[in-house]
file start36.txt (compact mmCIF, C-alpha atoms)
# COMPACT_ATOMS: atom_id res chain seq x y z
CA LEU A 1 95.23 129.39 100.68
CA ALA A 2 93.63 130.96 103.76
CA SER A 3 91.85 134.31 103.99
CA CYS A 4 90.23 136.24 106.82
CA GLY A 5 88.08 139.32 107.22
CA ARG A 6 85.82 141.60 109.22
CA ASP A 7 83.00 139.06 108.95
CA LYS A 8 84.75 137.14 111.79
CA SER A 9 85.40 134.13 109.56
CA VAL A 10 88.38 132.28 108.12
CA TRP A 11 88.08 130.72 104.67
CA ILE A 12 90.27 127.92 103.34
CA TRP A 13 90.66 127.68 99.58
CA GLU A 14 92.11 125.21 97.12
CA CYS A 15 93.90 126.87 94.23
CA PHE A 16 93.95 125.53 90.68
CA LEU A 17 96.75 127.43 88.98
CA PRO A 18 97.84 127.23 85.35
CA GLY A 19 100.40 124.49 84.78
CA THR A 20 99.58 122.61 88.02
CA ILE A 21 97.56 119.48 88.73
CA GLY A 22 93.90 120.43 88.52
CA GLY A 23 94.68 123.74 86.84
CA ASP A 24 94.61 124.84 83.24
CA GLY A 25 97.51 123.74 81.09
CA ASN A 26 100.35 126.12 80.37
CA GLY A 27 99.15 128.84 78.06
CA SER A 28 95.66 127.37 77.71
CA THR A 29 92.43 129.22 78.26
CA GLY A 30 90.26 126.83 80.24
CA PRO A 31 87.15 127.66 82.30
CA SER A 32 89.17 130.22 84.25
CA GLY A 33 90.55 131.91 81.16
CA GLY A 34 94.05 130.62 81.82
CA GLU A 35 94.28 132.52 85.11
CA GLY A 36 93.59 129.65 87.49
CA ASP A 37 90.60 129.06 89.72
CA PHE A 38 89.71 128.71 93.40
CA GLU A 39 87.38 126.48 95.35
CA CYS A 40 86.34 127.16 98.95
CA LEU A 41 86.94 124.05 101.07
CA ALA A 42 85.87 125.33 104.48
CA VAL A 43 84.49 128.37 106.30
CA LEU A 44 85.67 128.50 109.91
CA GLN A 45 83.54 130.51 112.30
CA SER A 46 84.59 130.68 115.92
CA HIS A 47 86.06 134.14 116.47
CA GLY A 48 83.96 136.82 118.13
CA GLY A 49 85.47 139.71 116.17
CA ASP A 50 87.32 140.73 113.01
CA VAL A 51 90.05 138.25 112.06
CA LYS A 52 93.24 140.19 111.42
CA SER A 53 95.87 137.60 110.51
CA VAL A 54 96.20 133.95 109.43
CA VAL A 55 99.24 131.74 108.98
CA PHE A 56 99.74 128.06 108.19
CA ALA A 57 102.11 126.01 110.35
CA PRO A 58 103.31 122.41 110.29
CA SER A 59 101.23 120.14 112.52
CA HIS A 60 104.26 118.06 113.50
CA GLY A 61 101.81 115.17 113.78
CA GLN A 62 100.30 116.74 116.91
CA PHE A 63 96.97 118.06 115.59
CA GLY A 64 94.43 115.97 113.65
CA ASP A 65 95.68 113.96 110.70
CA GLY A 66 96.70 116.81 108.38
CA ASP A 67 100.21 118.00 107.63
CA GLU A 68 99.37 121.61 108.54
CA ILE A 69 97.43 123.59 111.07
CA LEU A 70 96.10 127.11 110.61
CA LEU A 71 96.53 129.86 113.20
CA SER A 72 94.27 132.93 113.21
CA ALA A 73 94.41 136.13 115.28
CA SER A 74 91.48 138.39 116.00
CA TYR A 75 89.90 141.56 117.33
CA ASP A 76 88.47 139.31 120.07
CA ASP A 77 91.97 139.20 121.66
CA THR A 78 92.42 135.47 120.93
CA ILE A 79 94.37 133.18 118.63
CA ARG A 80 92.63 130.08 117.30
CA CYS A 81 94.43 126.92 116.25
CA TRP A 82 92.59 125.05 113.49
CA ALA A 83 93.38 121.45 112.53
CA GLU A 84 92.18 119.03 109.88
CA ASP A 85 90.87 115.54 110.56
CA ALA A 86 89.44 113.30 107.83
CA GLY A 87 89.06 116.33 105.58
CA ASP A 88 87.14 118.43 108.11
CA TRP A 89 88.63 121.46 109.86
CA TYR A 90 87.95 122.02 113.57
CA CYS A 91 89.09 124.46 116.28
CA ALA A 92 91.67 122.55 118.31
CA LEU A 93 92.68 125.37 120.67
CA THR A 94 91.74 128.87 121.72
CA LEU A 95 94.70 130.85 123.05
CA GLU A 96 93.44 133.64 125.27
CA ALA A 97 94.06 135.74 128.39
CA ILE A 98 97.56 136.71 127.21
CA HIS A 99 96.82 139.84 125.17
CA THR A 100 94.31 142.37 126.45
CA SER A 101 93.41 143.93 123.10
CA THR A 102 93.25 143.17 119.37
CA ILE A 103 95.89 140.74 118.11
CA TRP A 104 96.94 142.26 114.81
CA THR A 105 99.70 139.94 113.73
CA ILE A 106 101.22 136.48 114.15
CA ALA A 107 104.41 135.00 112.72
CA LEU A 108 106.21 131.66 112.92
CA SER A 109 109.87 130.96 113.46
CA PRO A 110 111.66 128.56 111.10
CA GLY A 111 110.51 125.03 111.88
CA GLY A 112 107.12 126.19 113.12
CA VAL A 113 107.51 125.33 116.81
CA ARG A 114 107.58 128.96 117.97
CA MET A 115 105.03 131.69 117.25
CA VAL A 116 105.16 135.41 117.97
CA SER A 117 102.06 137.59 118.25
CA GLY A 118 101.69 141.37 118.32
CA SER A 119 98.78 143.28 119.81
CA ALA A 120 97.09 146.63 120.29
CA ASP A 121 98.08 146.24 123.95
CA LYS A 122 101.61 147.25 122.74
CA SER A 123 103.13 143.87 123.61
CA LEU A 124 104.65 140.88 121.86
CA ALA A 125 103.99 137.34 123.09
CA VAL A 126 106.18 134.33 122.36
CA TRP A 127 104.49 130.94 122.09
CA ARG A 128 105.83 127.39 121.96
CA CYS A 129 104.21 124.29 120.47
CA TYR A 130 104.21 121.22 122.74
CA THR A 131 103.49 117.60 121.86
CA ALA A 132 100.42 115.76 123.17
CA SER A 133 102.52 114.00 125.81
CA GLU A 134 104.11 117.30 126.87
CA LYS A 135 100.61 118.78 126.96
CA LYS A 136 99.49 116.16 129.47
CA GLU A 137 102.49 116.98 131.66
CA GLN A 138 101.63 120.69 131.41
CA GLN A 139 98.00 120.10 132.36
CA ASP A 140 98.97 117.84 135.24
CA SER A 141 101.26 120.53 136.65
CA GLU A 142 99.01 123.55 135.99
CA SER A 143 95.52 123.81 137.38
CA ASP A 144 94.78 127.08 135.58
CA SER A 145 95.46 126.69 131.86
CA LYS A 146 95.07 129.63 129.47
CA ASN A 147 94.77 127.29 126.50
CA ILE A 148 91.20 126.05 126.13
CA ASP A 149 90.26 122.96 124.11
CA ASN A 150 87.18 123.58 121.98
CA GLU A 151 86.47 120.68 119.68
CA GLY A 152 90.05 119.55 120.07
CA MET A 153 90.90 115.93 120.64
CA ASN A 154 92.81 114.61 123.63
CA SER A 155 95.55 113.56 121.23
CA ASP A 156 96.08 117.16 120.08
CA GLY A 157 99.17 119.09 121.06
CA LEU A 158 99.38 122.44 122.85
CA TRP A 159 100.42 126.02 122.15
CA LYS A 160 101.50 127.90 125.27
CA CYS A 161 102.77 131.43 125.90
CA VAL A 162 106.35 131.13 127.20
CA GLY A 163 107.38 134.79 127.17
CA LYS A 164 106.12 138.31 126.73
CA LEU A 165 107.68 141.64 125.82
CA GLU A 166 105.51 144.22 127.55
CA ASN A 167 105.47 147.68 125.97
CA ALA A 168 107.50 146.50 123.00
CA HIS A 169 106.05 149.58 121.28
CA SER A 170 104.42 152.70 122.70
CA GLN A 171 101.39 152.11 120.43
CA SER A 172 99.75 149.10 118.79
CA VAL A 173 101.98 146.41 117.27
CA TYR A 174 100.76 145.91 113.70
CA SER A 175 103.31 143.55 112.23
CA VAL A 176 105.88 141.00 113.35
CA ASP A 177 108.18 138.64 111.48
CA CYS A 178 110.78 136.01 112.42
CA ALA A 179 114.06 135.85 110.56
CA PRO A 180 114.47 132.90 108.17
CA SER A 181 116.82 130.08 109.09
CA ARG A 182 119.30 131.18 106.42
CA ALA A 183 119.73 134.48 108.26
CA GLY A 184 121.53 132.57 110.99
CA HIS A 185 120.67 135.00 113.79
CA GLY A 186 117.08 134.25 114.87
CA ARG A 187 116.04 137.89 115.30
CA ILE A 188 112.44 139.10 115.44
CA VAL A 189 111.31 142.37 113.82
CA SER A 190 108.16 144.34 114.62
CA GLY A 191 106.46 147.49 113.37
CA GLY A 192 103.89 149.59 115.18
CA GLY A 193 101.62 152.58 115.46
CA ASP A 194 104.46 154.53 117.08
CA ASP A 195 106.12 154.78 113.65
CA CYS A 196 109.00 152.58 114.86
CA ILE A 197 110.65 149.37 113.70
CA ASN A 198 112.21 147.22 116.43
CA VAL A 199 114.54 144.24 116.18
CA TYR A 200 114.82 141.81 119.10
CA ARG A 201 117.41 139.18 119.91
CA GLU A 202 117.28 136.20 122.22
CA VAL A 203 119.80 136.52 125.04
CA GLY A 204 119.24 133.38 127.07
CA GLY A 205 116.71 131.48 129.10
CA THR A 206 115.29 128.18 127.91
CA SER A 207 112.87 127.03 125.23
CA ASP A 208 110.20 127.14 127.97
CA ALA A 209 111.18 130.65 129.07
CA PRO A 210 113.21 132.50 126.41
CA LEU A 211 114.59 135.95 127.17
CA PHE A 212 114.56 138.70 124.54
CA VAL A 213 115.91 142.25 124.49
CA THR A 214 115.51 145.07 121.99
CA ASP A 215 118.57 145.00 119.77
CA VAL A 216 117.85 148.13 117.77
CA CYS A 217 115.00 150.61 117.29
CA ALA A 218 114.51 152.64 114.12
CA LYS A 219 112.50 155.65 115.28
CA ALA A 220 110.35 157.62 112.83
CA ALA A 221 110.87 154.79 110.35
CA HIS A 222 107.80 156.03 108.49
CA LYS A 223 105.71 159.21 108.71
CA GLY A 224 102.83 157.30 110.24
CA ASP A 225 102.00 153.77 111.34
CA VAL A 226 104.33 150.96 110.27
CA ASN A 227 101.83 148.47 108.88
CA CYS A 228 104.10 145.63 107.74
CA VAL A 229 107.68 144.44 108.26
CA LYS A 230 109.34 141.43 106.62
CA TRP A 231 112.78 139.87 106.64
CA HIS A 232 114.31 139.03 103.28
CA PRO A 233 113.70 135.28 102.72
CA THR A 234 117.42 134.49 102.41
CA ASP A 235 119.42 137.58 103.39
CA GLY A 236 119.26 138.25 107.13
CA ARG A 237 120.67 141.75 106.64
CA LEU A 238 117.63 143.11 104.82
CA ILE A 239 114.20 144.16 106.13
CA ALA A 240 111.30 145.62 104.14
CA SER A 241 108.67 147.87 105.69
CA ALA A 242 105.43 149.53 104.57
CA GLY A 243 103.74 152.49 106.22
CA ASP A 244 100.81 154.87 106.27
CA ASP A 245 102.98 157.35 104.35
CA GLY A 246 102.48 155.25 101.22
CA LEU A 247 106.12 154.17 101.13
CA VAL A 248 107.88 150.82 101.03
CA LYS A 249 111.39 150.99 102.48
CA ILE A 250 114.32 148.56 102.41
CA TRP A 251 116.53 148.55 105.51
CA SER A 252 120.02 147.22 106.08
CA TYR A 253 120.38 145.49 109.45
CA GLU A 254 123.90 145.14 110.77
CA LEU A 255 124.68 142.57 113.47
call {"tool": "encode", "arguments": {"input": "start36.txt", "output": "structure tokens"}}
result
Amino acid sequence: LASCGRDKSVWIWECFLPGTIGGDGNGSTGPSGGEGDFECLAVLQSHGGDVKSVVFAPSHGQFGDGDEILLSASYDDTIRCWAEDAGDWYCALTLEAIHTSTIWTIALSPGGVRMVSGSADKSLAVWRCYTASEKKEQQDSESDSKNIDNEGMNSDGLWKCVGKLENAHSQSVYSVDCAPSRAGHGRIVSGGGDDCINVYREVGGTSDAPLFVTDVCAKAAHKGDVNCVKWHPTDGRLIASAGDDGLVKIWSYEL
């Protein structure tokens, strides 16, 4: 489990839940009273501002020796990529100079090789994960890289911005989500401070330069900011949203 906060840090926790290895037995009342327990494994401090969003992603064998990496987005306008090596977490990459204001939200596409970020600069950015060998080719061909290695190893992979939707909203983008693979359509949904919900579809390009257009916009979706949007985990026709009006709404999306 990962958590983040206004103290500029990211915490990684191990969870001991009832009925699982390391947790209390089913129905028992162990040290945690039968409700499970948590142990902090690492405190990651590299961001220069509030950390707004965290998400785990598969490492694809390209970062450290762990099966997952952790991505975090911040008030400092950057995304950090954290990796695990020999049990220790380190900052493998800082992704910067793409958004010009707070990055409120990040989401992964099915498979974890594409990431989408949303910002107070009203834009969405689309990122692609490259292997270590592809990274070397990228660095050889680009003298000005916007992806900065911190403590990262030469064998680490690369996250690179491959597309951007400027002015996706007329106000801050607070939430973004990628449709699950079972949806079968690959759409992206976003919610923002303009009270709107937008759905985007990919219309061409390549994996290195995908092209997206706005498929549909639900205006005045809430009476206030749209704080969160999520696709249904299996049904690509349903979207849930939450807003400043205190409501949770379920939407039907028709292709």
call {"tool": "residues_near_point", "arguments": {"input": "start36.txt", "point": "(116.1, 150.4, 114.9)", "cutoff": "8 Å", "atoms": "all atoms listed in the file", "output": "PyMOL selection string"}}
result
chain A and resi 196-199+215-219
call {"tool": "closest_residue", "arguments": {"input": "start36.txt", "among": "A:Gly236, A:Gly224, A:Gly186, A:Gly205", "to": "Arg114 (chain A)", "atoms": "all atoms listed in the file"}}
result
A:Gly186
call {"tool": "closest_residue", "arguments": {"input": "start36.txt", "among": "A:Ala97, A:Val116, A:Val10, A:Ile103", "to": "Trp82 (chain A)", "atoms": "all atoms listed in the file"}}
result
A:Val10
call {"tool": "residues_around", "arguments": {"input": "start36.txt", "residues": "Gly192 (chain A)", "least_positions_apart": "5", "cutoff": "12 Å", "atoms": "only C-alpha atoms", "output": "PDB file with C-alpha atoms, keeping the file's coordinate frame"}}
result
ATOM      1  CA  TRP A 104      96.940 142.260 114.810  1.00  0.00           C
ATOM      2  CA  THR A 105      99.700 139.940 113.730  1.00  0.00           C
ATOM      3  CA  GLY A 118     101.690 141.370 118.320  1.00  0.00           C
ATOM      4  CA  SER A 119      98.780 143.280 119.810  1.00  0.00           C
ATOM      5  CA  ALA A 120      97.090 146.630 120.290  1.00  0.00           C
ATOM      6  CA  ASP A 121      98.080 146.240 123.950  1.00  0.00           C
ATOM      7  CA  LYS A 122     101.610 147.250 122.740  1.00  0.00           C
ATOM      8  CA  SER A 123     103.130 143.870 123.610  1.00  0.00           C
ATOM      9  CA  LEU A 124     104.650 140.880 121.860  1.00  0.00           C
ATOM     10  CA  ASN A 167     105.470 147.680 125.970  1.00  0.00           C
ATOM     11  CA  ALA A 168     107.500 146.500 123.000  1.00  0.00           C
ATOM     12  CA  HIS A 169     106.050 149.580 121.280  1.00  0.00           C
ATOM     13  CA  SER A 170     104.420 152.700 122.700  1.00  0.00           C
ATOM     14  CA  GLN A 171     101.390 152.110 120.430  1.00  0.00           C
ATOM     15  CA  SER A 172      99.750 149.100 118.790  1.00  0.00           C
ATOM     16  CA  VAL A 173     101.980 146.410 117.270  1.00  0.00           C
ATOM     17  CA  TYR A 174     100.760 145.910 113.700  1.00  0.00           C
ATOM     18  CA  SER A 175     103.310 143.550 112.230  1.00  0.00           C
ATOM     19  CA  VAL A 176     105.880 141.000 113.350  1.00  0.00           C
ATOM     20  CA  ILE A 197     110.650 149.370 113.700  1.00  0.00           C
ATOM     21  CA  ASN A 198     112.210 147.220 116.430  1.00  0.00           C
ATOM     22  CA  VAL A 199     114.540 144.240 116.180  1.00  0.00           C
ATOM     23  CA  CYS A 217     115.000 150.610 117.290  1.00  0.00           C
ATOM     24  CA  ALA A 218     114.510 152.640 114.120  1.00  0.00           C
ATOM     25  CA  LYS A 219     112.500 155.650 115.280  1.00  0.00           C
ATOM     26  CA  ALA A 220     110.350 157.620 112.830  1.00  0.00           C
ATOM     27  CA  ALA A 221     110.870 154.790 110.350  1.00  0.00           C
ATOM     28  CA  HIS A 222     107.800 156.030 108.490  1.00  0.00           C
ATOM     29  CA  LYS A 223     105.710 159.210 108.710  1.00  0.00           C
ATOM     30  CA  GLY A 224     102.830 157.300 110.240  1.00  0.00           C
ATOM     31  CA  ASP A 225     102.000 153.770 111.340  1.00  0.00           C
ATOM     32  CA  VAL A 226     104.330 150.960 110.270  1.00  0.00           C
ATOM     33  CA  ASN A 227     101.830 148.470 108.880  1.00  0.00           C
ATOM     34  CA  CYS A 228     104.100 145.630 107.740  1.00  0.00           C
ATOM     35  CA  VAL A 229     107.680 144.440 108.260  1.00  0.00           C
ATOM     36  CA  SER A 241     108.670 147.870 105.690  1.00  0.00           C
ATOM     37  CA  ALA A 242     105.430 149.530 104.570  1.00  0.00           C
ATOM     38  CA  GLY A 243     103.740 152.490 106.220  1.00  0.00           C
ATOM     39  CA  ASP A 244     100.810 154.870 106.270  1.00  0.00           C
TER      40      ASP A 244
END
call {"tool": "closest_residue", "arguments": {"input": "start36.txt", "among": "A:Ser190, A:Asp50, A:Cys161, A:Gln62", "to": "Glu96 (chain A)", "atoms": "all atoms listed in the file"}}
result
A:Cys161
call {"tool": "residues_around", "arguments": {"input": "start36.txt", "residues": "Ser53 (chain A)", "least_positions_apart": "4", "cutoff": "8 Å", "atoms": "all atoms listed in the file", "output": "compact mmCIF listing (two decimals) with C-alpha atoms, in the frame of the given file"}}
result
# COMPACT_ATOMS: atom_id res chain seq x y z
CA CYS A 4 90.23 136.24 106.82
CA SER A 72 94.27 132.93 113.21
CA ALA A 73 94.41 136.13 115.28
CA SER A 74 91.48 138.39 116.00
CA TRP A 104 96.94 142.26 114.81
CA THR A 105 99.70 139.94 113.73
CA ILE A 106 101.22 136.48 114.15
call {"tool": "residues_around", "arguments": {"input": "start36.txt", "residues": "region 39-44 of chain A", "least_positions_apart": "6", "cutoff": "10 Å", "atoms": "all atoms listed in the file", "output": "short mmCIF file (atom, residue, chain, number, x, y, z; two decimals) with C-alpha atoms, in the coordinates of the input"}}
result
data_model
loop_
_atom_site.label_atom_id
_atom_site.label_comp_id
_atom_site.auth_asym_id
_atom_site.auth_seq_id
_atom_site.Cartn_x
_atom_site.Cartn_y
_atom_site.Cartn_z
CA LEU A 1 95.23 129.39 100.68
CA ALA A 2 93.63 130.96 103.76
CA SER A 3 91.85 134.31 103.99
CA CYS A 4 90.23 136.24 106.82
CA LYS A 8 84.75 137.14 111.79
CA SER A 9 85.40 134.13 109.56
CA VAL A 10 88.38 132.28 108.12
CA TRP A 11 88.08 130.72 104.67
CA ILE A 12 90.27 127.92 103.34
CA TRP A 13 90.66 127.68 99.58
CA GLU A 14 92.11 125.21 97.12
CA CYS A 15 93.90 126.87 94.23
CA PHE A 16 93.95 125.53 90.68
CA TRP A 82 92.59 125.05 113.49
CA GLY A 87 89.06 116.33 105.58
CA ASP A 88 87.14 118.43 108.11
CA TRP A 89 88.63 121.46 109.86
CA TYR A 90 87.95 122.02 113.57
CA CYS A 91 89.09 124.46 116.28
#
call {"tool": "atom_distance", "arguments": {"input": "start36.txt", "atom1": "CA of Ala132 (chain A)", "atom2": "CA of Gly66 (chain A)"}}
result
15.3 Å
call {"tool": "closest_residue", "arguments": {"input": "start36.txt", "among": "A:Asp194, A:Arg182, A:Pro233, A:Val126", "to": "Pro210 (chain A)", "atoms": "all atoms listed in the file"}}
result
A:Val126
call {"tool": "closest_residue", "arguments": {"input": "start36.txt", "among": "A:Asp195, A:His60, A:Lys52, A:Arg187", "to": "Leu255 (chain A)", "atoms": "only C-alpha atoms"}}
result
A:Arg187
call {"tool": "residues_around", "arguments": {"input": "start36.txt", "residues": "Gly163 (chain A)", "least_positions_apart": "2", "cutoff": "12 Å", "atoms": "all atoms listed in the file", "output": "NGL selection string"}}
result
:A and (98-99 or 114-117 or 123-128 or 160-161 or 165-166 or 202 or 204-213)
call {"tool": "atom_distance", "arguments": {"input": "start36.txt", "atom1": "CA of His47 (chain A)", "atom2": "CA of Leu70 (chain A)"}}
result
13.6 Å
call {"tool": "atom_distance", "arguments": {"input": "start36.txt", "atom1": "CA of Gly64 (chain A)", "atom2": "CA of Ala83 (chain A)"}}
result
5.7 Å
call {"tool": "closest_residue", "arguments": {"input": "start36.txt", "among": "A:Glu68, A:Asp245, A:Asp235, A:Glu134", "to": "Ser181 (chain A)", "atoms": "all atoms listed in the file"}}
result
A:Asp235
call {"tool": "residues_around", "arguments": {"input": "start36.txt", "residues": "region 251-254 of chain A", "least_positions_apart": "4", "cutoff": "7 Å", "atoms": "only C-alpha atoms", "output": "ChimeraX atom specification"}}
result
/A:237-240
